[in-house]
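As structure tokens, the structure follows; a few thoughts come after it.
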Amino acid sequence: MWFVFLVVVLAAPALLFSLAASGRRLRLQAATPAPQCADWPSVGLVVPCAGTHPDMERALRSLLEQRYEGELKYALVTATAEEPAAVLVDRLAAEYPNVTHVVAGRAEGCGQKNHNSLTAVAALGSSVDVYAFCDSTHMASPDFLSRLVHPIAAGQGKFATGYHEVVPKDMELVTLAYAFCVLAMRILQGVAKFTQPWGGAMAIERRTFHEQGIGVFWSDNVVDDCSLTTYLQERGIRVHLCPGALLRTRAEHHSGDVWRAWLDRQILFLKFCVPSQWVLLGVLLVLMGLIPAMAFIGFLGGITGLLGLPVLVSSGIYLAATAVSLSCLRPLMPHHIPLLRLMGAFWLTCFTACGTFLKTVPARGILWHGIWYNVGRAGRVESIVRK
């Protein structure tokens, strides 16, 4: 019996070892020199802007100062002309001549971000060859857009995606847990079976966007990226991951409520848009929550004599294997993190993600930026309630 217990509790460290190996390969791919191209396509970069994020101006300027050799237009989008983000966008539009401030209005039948992006696409029209989409709060390196668009420019595909990494500015467990979650998701992006569009950094050929009806598909959907996973697969459109197209997100004193709300949305997007992956994720997250709980109980039971020496030894092996596997994963973080802090963040992630998944089982909608979306099959919005 104790041998079965040992095999089960070692499943989590084994997964971490696998993530570390995949992450090292991804890091090598991201470190390649900036791509070159004889004829860069014209690009319209769509950036939905909302809220009052303290890093928004710095992030937008990093996008506005890209070293892209082709023609580049910007459509910065806000829902209204009066919201705080609109004031910043107006100021940037006056400073940068290739920036247009697009006011989208309130969404009625889809996610507000989808509505913003569709309004910007309509404003750009056929004036560009490629539509690119980015979030407004992530820092971009000067060659970010070139790396993102290169697969399309080189004729390797019609749809490309990048991703982001979280740079923790403190050693608080919630901040580190958020960074660990994003790292794990980024590494999974590098596994071909799990590569999906990420709305924070994706590009698509304009003709493909219209011929494949992506605008129509977005017009009644809750989210722009996860919803496209099955849609693109059904149409034989491969999503090319660009490891070097990596945005950076600064996190400091990250709120537990904000992190849990973000985690809740990520899981719910899968539930409504890719239910098969949601089920698979659920099995994994439940195991990741149960395994450390079993190990801790086994350790306490072993030292008190209630469960015997083999269980105590098995629990000790689990703790040692977790420490070793996280030490292999640690170099993939943006900067050095003490091992004990990373172990604490890992276990916090295990328990929180497991509990969050269980909460999504009965859910019938998503709360996002103060808007409640009742969501049906394939991520279609059935109704909207503004709070």
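Ordered as shown in the structure tokens, chains take letters A, B, and onward, while each chain numbers its residues from 1 and ligands are numbered from 1 in the order shown.
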
Inset, instruction - Would you please give, as number ranges by chain, all residues of segment 48-275 of chain A that DSSP assigns to strand (DSSP E or B) based on the backbone? - result: A: 48, 72-78, 99-103, 130-134, 139, 159-168, 201-205, 221, 239-251

Legend entry - Contacts of segment 315-328 of chain A within 9 Å, only C-alpha atoms, excl. fewer than 2 positions in-chain, as a PyMOL selection string: chain A and resi 5-6+9-10+12-18+20-21+292+294-299+302+310-313+330-332+339-340+342-343+346

Give me a file of those residues, with N, CA, C and O atoms, as a tab-separated table (two decimals), in the first residue's frame.
```
chain	number	residue	atom	x	y	z
A	5	PHE	N	1.20	4.67	-2.50
A	5	PHE	CA	1.23	6.02	-1.96
A	5	PHE	C	2.45	6.78	-2.50
A	5	PHE	O	2.36	7.94	-2.92
A	6	LEU	N	3.62	6.10	-2.52
A	6	LEU	CA	4.84	6.72	-3.02
A	6	LEU	C	4.71	7.10	-4.49
A	6	LEU	O	5.09	8.21	-4.89
A	9	VAL	N	2.35	10.22	-4.87
A	9	VAL	CA	2.86	11.52	-4.43
A	9	VAL	C	4.04	11.98	-5.28
A	9	VAL	O	4.35	13.19	-5.31
A	10	LEU	N	4.70	11.08	-5.99
A	10	LEU	CA	5.80	11.49	-6.86
A	10	LEU	C	5.32	11.98	-8.22
A	10	LEU	O	6.14	12.44	-9.03
A	12	ALA	N	3.52	14.62	-8.88
A	12	ALA	CA	3.67	16.08	-8.98
A	12	ALA	C	5.12	16.48	-9.28
A	12	ALA	O	5.37	17.27	-10.20
A	13	PRO	N	6.11	15.97	-8.55
A	13	PRO	CA	7.50	16.29	-8.92
A	13	PRO	C	7.85	15.85	-10.33
A	13	PRO	O	8.62	16.54	-11.03
A	14	ALA	N	7.30	14.72	-10.76
A	14	ALA	CA	7.59	14.25	-12.13
A	14	ALA	C	7.08	15.25	-13.15
A	14	ALA	O	7.74	15.52	-14.17
A	15	LEU	N	5.88	15.82	-12.90
A	15	LEU	CA	5.35	16.83	-13.81
A	15	LEU	C	6.23	18.06	-13.83
A	15	LEU	O	6.49	18.65	-14.88
A	16	LEU	N	6.74	18.47	-12.67
A	16	LEU	CA	7.62	19.63	-12.60
A	16	LEU	C	8.91	19.40	-13.37
A	16	LEU	O	9.41	20.30	-14.06
A	17	PHE	N	9.47	18.18	-13.27
A	17	PHE	CA	10.67	17.85	-14.05
A	17	PHE	C	10.38	17.99	-15.54
A	17	PHE	O	11.19	18.50	-16.32
A	18	SER	N	9.21	17.50	-15.96
A	18	SER	CA	8.83	17.58	-17.37
A	18	SER	C	8.69	19.03	-17.82
A	18	SER	O	9.15	19.41	-18.91
A	20	ALA	N	10.19	21.60	-16.52
A	20	ALA	CA	11.52	22.21	-16.55
A	20	ALA	C	12.24	21.88	-17.85
A	20	ALA	O	12.88	22.75	-18.46
A	21	ALA	N	12.14	20.62	-18.29
A	21	ALA	CA	12.80	20.22	-19.54
A	21	ALA	C	12.21	20.96	-20.73
A	21	ALA	O	12.94	21.46	-21.60
A	292	PRO	N	0.00	17.05	-2.48
A	292	PRO	CA	0.70	17.62	-1.33
A	292	PRO	C	-0.08	17.42	-0.03
A	292	PRO	O	0.54	17.23	1.04
A	294	MET	N	-1.92	14.80	0.72
A	294	MET	CA	-1.61	13.42	1.12
A	294	MET	C	-0.21	13.33	1.71
A	294	MET	O	0.01	12.64	2.72
A	295	ALA	N	0.74	14.01	1.09
A	295	ALA	CA	2.12	13.95	1.57
A	295	ALA	C	2.25	14.57	2.96
A	295	ALA	O	2.93	14.02	3.84
A	296	PHE	N	1.60	15.71	3.18
A	296	PHE	CA	1.68	16.36	4.49
A	296	PHE	C	1.01	15.51	5.56
A	296	PHE	O	1.53	15.36	6.68
A	297	ILE	N	-0.16	14.94	5.22
A	297	ILE	CA	-0.85	14.07	6.18
A	297	ILE	C	0.00	12.83	6.47
A	297	ILE	O	0.12	12.38	7.62
A	298	GLY	N	0.60	12.27	5.40
A	298	GLY	CA	1.46	11.11	5.60
A	298	GLY	C	2.66	11.43	6.46
A	298	GLY	O	3.08	10.62	7.30
A	299	PHE	N	3.23	12.63	6.27
A	299	PHE	CA	4.38	13.03	7.08
A	299	PHE	C	4.00	13.16	8.55
A	299	PHE	O	4.69	12.64	9.43
A	302	GLY	N	3.27	9.81	9.93
A	302	GLY	CA	4.48	9.02	10.12
A	302	GLY	C	5.24	9.39	11.37
A	302	GLY	O	5.68	8.52	12.13
A	310	PRO	N	7.13	3.45	6.52
A	310	PRO	CA	7.16	3.56	5.05
A	310	PRO	C	6.45	4.80	4.52
A	310	PRO	O	6.91	5.43	3.57
A	311	VAL	N	5.32	5.17	5.15
A	311	VAL	CA	4.59	6.36	4.71
A	311	VAL	C	5.40	7.61	5.03
A	311	VAL	O	5.46	8.56	4.23
A	312	LEU	N	6.04	7.63	6.18
A	312	LEU	CA	6.89	8.77	6.55
A	312	LEU	C	8.04	8.93	5.55
A	312	LEU	O	8.32	10.04	5.08
A	313	VAL	N	8.68	7.82	5.19
A	313	VAL	CA	9.77	7.86	4.23
A	313	VAL	C	9.27	8.33	2.86
A	313	VAL	O	9.91	9.15	2.18
A	330	ARG	N	13.44	26.59	-11.34
A	330	ARG	CA	13.72	27.94	-10.85
A	330	ARG	C	14.50	28.81	-11.83
A	330	ARG	O	14.22	30.02	-11.94
A	331	PRO	N	15.50	28.28	-12.57
A	331	PRO	CA	16.22	29.14	-13.51
A	331	PRO	C	15.36	29.73	-14.63
A	331	PRO	O	15.79	30.66	-15.31
A	332	LEU	N	14.16	29.20	-14.82
A	332	LEU	CA	13.28	29.71	-15.86
A	332	LEU	C	12.51	30.95	-15.41
A	332	LEU	O	11.87	31.62	-16.22
A	339	LEU	N	14.60	29.04	-2.84
A	339	LEU	CA	13.89	27.78	-3.07
A	339	LEU	C	12.70	27.61	-2.13
A	339	LEU	O	11.63	27.17	-2.56
A	340	LEU	N	12.87	27.95	-0.86
A	340	LEU	CA	11.77	27.78	0.09
A	340	LEU	C	10.58	28.66	-0.28
A	340	LEU	O	9.42	28.25	-0.12
A	342	LEU	N	9.82	29.62	-3.33
A	342	LEU	CA	9.21	29.03	-4.52
A	342	LEU	C	8.39	27.80	-4.16
A	342	LEU	O	7.32	27.57	-4.73
A	343	MET	N	8.87	27.00	-3.21
A	343	MET	CA	8.09	25.84	-2.76
A	343	MET	C	6.78	26.29	-2.14
A	343	MET	O	5.72	25.70	-2.40
A	346	PHE	N	4.50	27.34	-4.88
A	346	PHE	CA	4.01	26.17	-5.61
A	346	PHE	C	2.85	25.51	-4.88
A	346	PHE	O	1.81	25.21	-5.46
```

Inset, instruction - Find the spatial neighbours of segment 96-111 of chain A, counting only C-alpha atoms, within a cut-off of 9 Å - ignore same-chain residues fewer than 3 positions away - and output them as a VMD selection string. - result: chain A and resid 64 72 to 81 86 89 to 93 114 to 120 123 218 to 224 368 371 373 380 to 384

Within 9 Å of Ala30 of chain A, counting only C-alpha atoms, which residues show up once you throw out same-chain ones fewer than 4 positions away? Write them as a PDB file with all heavy atoms, in the first residue's frame, please.
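Below is the file that was written, out30.pdb:
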```
ATOM      1  N   ARG A  25      13.958  24.102 -23.350  1.00  0.00           N
ATOM      2  CA  ARG A  25      13.921  24.132 -24.820  1.00  0.00           C
ATOM      3  C   ARG A  25      13.271  25.415 -25.311  1.00  0.00           C
ATOM      4  O   ARG A  25      13.737  26.040 -26.278  1.00  0.00           O
ATOM      5  CB  ARG A  25      13.148  22.910 -25.342  1.00  0.00           C
ATOM      6  CG  ARG A  25      13.874  21.591 -25.146  1.00  0.00           C
ATOM      7  CD  ARG A  25      13.216  20.487 -25.952  1.00  0.00           C
ATOM      8  NE  ARG A  25      11.859  20.211 -25.503  1.00  0.00           N
ATOM      9  CZ  ARG A  25      11.560  19.320 -24.555  1.00  0.00           C
ATOM     10  NH1 ARG A  25      12.528  18.618 -23.969  1.00  0.00           N
ATOM     11  NH2 ARG A  25      10.315  19.109 -24.210  1.00  0.00           N
ATOM     12  N   LEU A  26      12.213  25.842 -24.643  1.00  0.00           N
ATOM     13  CA  LEU A  26      11.518  27.069 -25.031  1.00  0.00           C
ATOM     14  C   LEU A  26      12.418  28.285 -24.857  1.00  0.00           C
ATOM     15  O   LEU A  26      12.433  29.201 -25.688  1.00  0.00           O
ATOM     16  CB  LEU A  26      10.245  27.215 -24.191  1.00  0.00           C
ATOM     17  CG  LEU A  26       9.161  28.163 -24.704  1.00  0.00           C
ATOM     18  CD1 LEU A  26       8.599  27.656 -26.022  1.00  0.00           C
ATOM     19  CD2 LEU A  26       8.039  28.278 -23.677  1.00  0.00           C
ATOM     20  N   CYS A 242       5.528  31.847 -31.246  1.00  0.00           N
ATOM     21  CA  CYS A 242       6.770  32.599 -31.425  1.00  0.00           C
ATOM     22  C   CYS A 242       7.393  32.798 -30.041  1.00  0.00           C
ATOM     23  O   CYS A 242       7.021  33.743 -29.331  1.00  0.00           O
ATOM     24  CB  CYS A 242       6.494  33.954 -32.069  1.00  0.00           C
ATOM     25  SG  CYS A 242       5.502  33.864 -33.574  1.00  0.00           S
ATOM     26  N   PRO A 243       8.297  31.911 -29.616  1.00  0.00           N
ATOM     27  CA  PRO A 243       8.842  31.988 -28.251  1.00  0.00           C
ATOM     28  C   PRO A 243       9.502  33.327 -27.936  1.00  0.00           C
ATOM     29  O   PRO A 243       9.493  33.775 -26.780  1.00  0.00           O
ATOM     30  CB  PRO A 243       9.855  30.840 -28.210  1.00  0.00           C
ATOM     31  CG  PRO A 243       9.399  29.883 -29.261  1.00  0.00           C
ATOM     32  CD  PRO A 243       8.840  30.755 -30.350  1.00  0.00           C
ATOM     33  N   GLY A 244      10.080  33.973 -28.951  1.00  0.00           N
ATOM     34  CA  GLY A 244      10.752  35.246 -28.712  1.00  0.00           C
ATOM     35  C   GLY A 244       9.819  36.430 -28.619  1.00  0.00           C
ATOM     36  O   GLY A 244      10.221  37.508 -28.177  1.00  0.00           O
ATOM     37  N   ALA A 245       8.561  36.256 -29.037  1.00  0.00           N
ATOM     38  CA  ALA A 245       7.569  37.329 -28.924  1.00  0.00           C
ATOM     39  C   ALA A 245       6.993  37.287 -27.520  1.00  0.00           C
ATOM     40  O   ALA A 245       5.866  36.859 -27.273  1.00  0.00           O
ATOM     41  CB  ALA A 245       6.467  37.148 -29.968  1.00  0.00           C
ATOM     42  N   LEU A 246       7.813  37.728 -26.585  1.00  0.00           N
ATOM     43  CA  LEU A 246       7.512  37.553 -25.160  1.00  0.00           C
ATOM     44  C   LEU A 246       7.345  38.913 -24.486  1.00  0.00           C
ATOM     45  O   LEU A 246       8.287  39.714 -24.433  1.00  0.00           O
ATOM     46  CB  LEU A 246       8.642  36.769 -24.494  1.00  0.00           C
ATOM     47  CG  LEU A 246       8.432  36.353 -23.042  1.00  0.00           C
ATOM     48  CD1 LEU A 246       7.289  35.355 -22.928  1.00  0.00           C
ATOM     49  CD2 LEU A 246       9.718  35.747 -22.474  1.00  0.00           C
TER      50      LEU A 246
END
```

Legend entry - Test item: residues at most 9 Å from Arg61 of chain A, only C-alpha atoms, excluding those fewer than 4 positions along its chain, as a VMD selection string: chain A and resid 56 to 57 65 to 66 92 139 to 140

Serialized selection, N, CA, C and O atoms, as a PDB file, in the first residue's frame:
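Contents of the output file result-v2.pdb:
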```pdb
ATOM      1  N   MET A  56       0.318  51.050 -17.500  1.00  0.00           N
ATOM      2  CA  MET A  56      -0.261  51.123 -18.836  1.00  0.00           C
ATOM      3  C   MET A  56       0.512  52.069 -19.749  1.00  0.00           C
ATOM      4  O   MET A  56       0.794  51.727 -20.906  1.00  0.00           O
ATOM      5  N   GLU A  57       0.869  53.256 -19.274  1.00  0.00           N
ATOM      6  CA  GLU A  57       1.559  54.193 -20.161  1.00  0.00           C
ATOM      7  C   GLU A  57       2.905  53.633 -20.605  1.00  0.00           C
ATOM      8  O   GLU A  57       3.265  53.700 -21.791  1.00  0.00           O
ATOM      9  N   GLU A  65       6.892  52.216 -29.771  1.00  0.00           N
ATOM     10  CA  GLU A  65       8.275  52.472 -30.169  1.00  0.00           C
ATOM     11  C   GLU A  65       8.948  51.206 -30.688  1.00  0.00           C
ATOM     12  O   GLU A  65      10.152  50.989 -30.513  1.00  0.00           O
ATOM     13  N   GLN A  66       8.180  50.362 -31.371  1.00  0.00           N
ATOM     14  CA  GLN A  66       8.709  49.140 -31.954  1.00  0.00           C
ATOM     15  C   GLN A  66       9.636  49.432 -33.141  1.00  0.00           C
ATOM     16  O   GLN A  66       9.374  50.350 -33.932  1.00  0.00           O
ATOM     17  N   LEU A  92      -1.437  60.116 -26.063  1.00  0.00           N
ATOM     18  CA  LEU A  92      -0.483  59.387 -26.902  1.00  0.00           C
ATOM     19  C   LEU A  92      -0.775  59.589 -28.389  1.00  0.00           C
ATOM     20  O   LEU A  92       0.142  59.685 -29.208  1.00  0.00           O
ATOM     21  N   MET A 139       4.986  44.955 -20.949  1.00  0.00           N
ATOM     22  CA  MET A 139       6.137  45.611 -21.574  1.00  0.00           C
ATOM     23  C   MET A 139       6.648  44.776 -22.747  1.00  0.00           C
ATOM     24  O   MET A 139       6.768  43.551 -22.650  1.00  0.00           O
ATOM     25  N   ALA A 140       6.949  45.448 -23.855  1.00  0.00           N
ATOM     26  CA  ALA A 140       7.430  44.779 -25.063  1.00  0.00           C
ATOM     27  C   ALA A 140       8.860  45.203 -25.359  1.00  0.00           C
ATOM     28  O   ALA A 140       9.211  46.374 -25.227  1.00  0.00           O
TER      29      ALA A 140
END
```
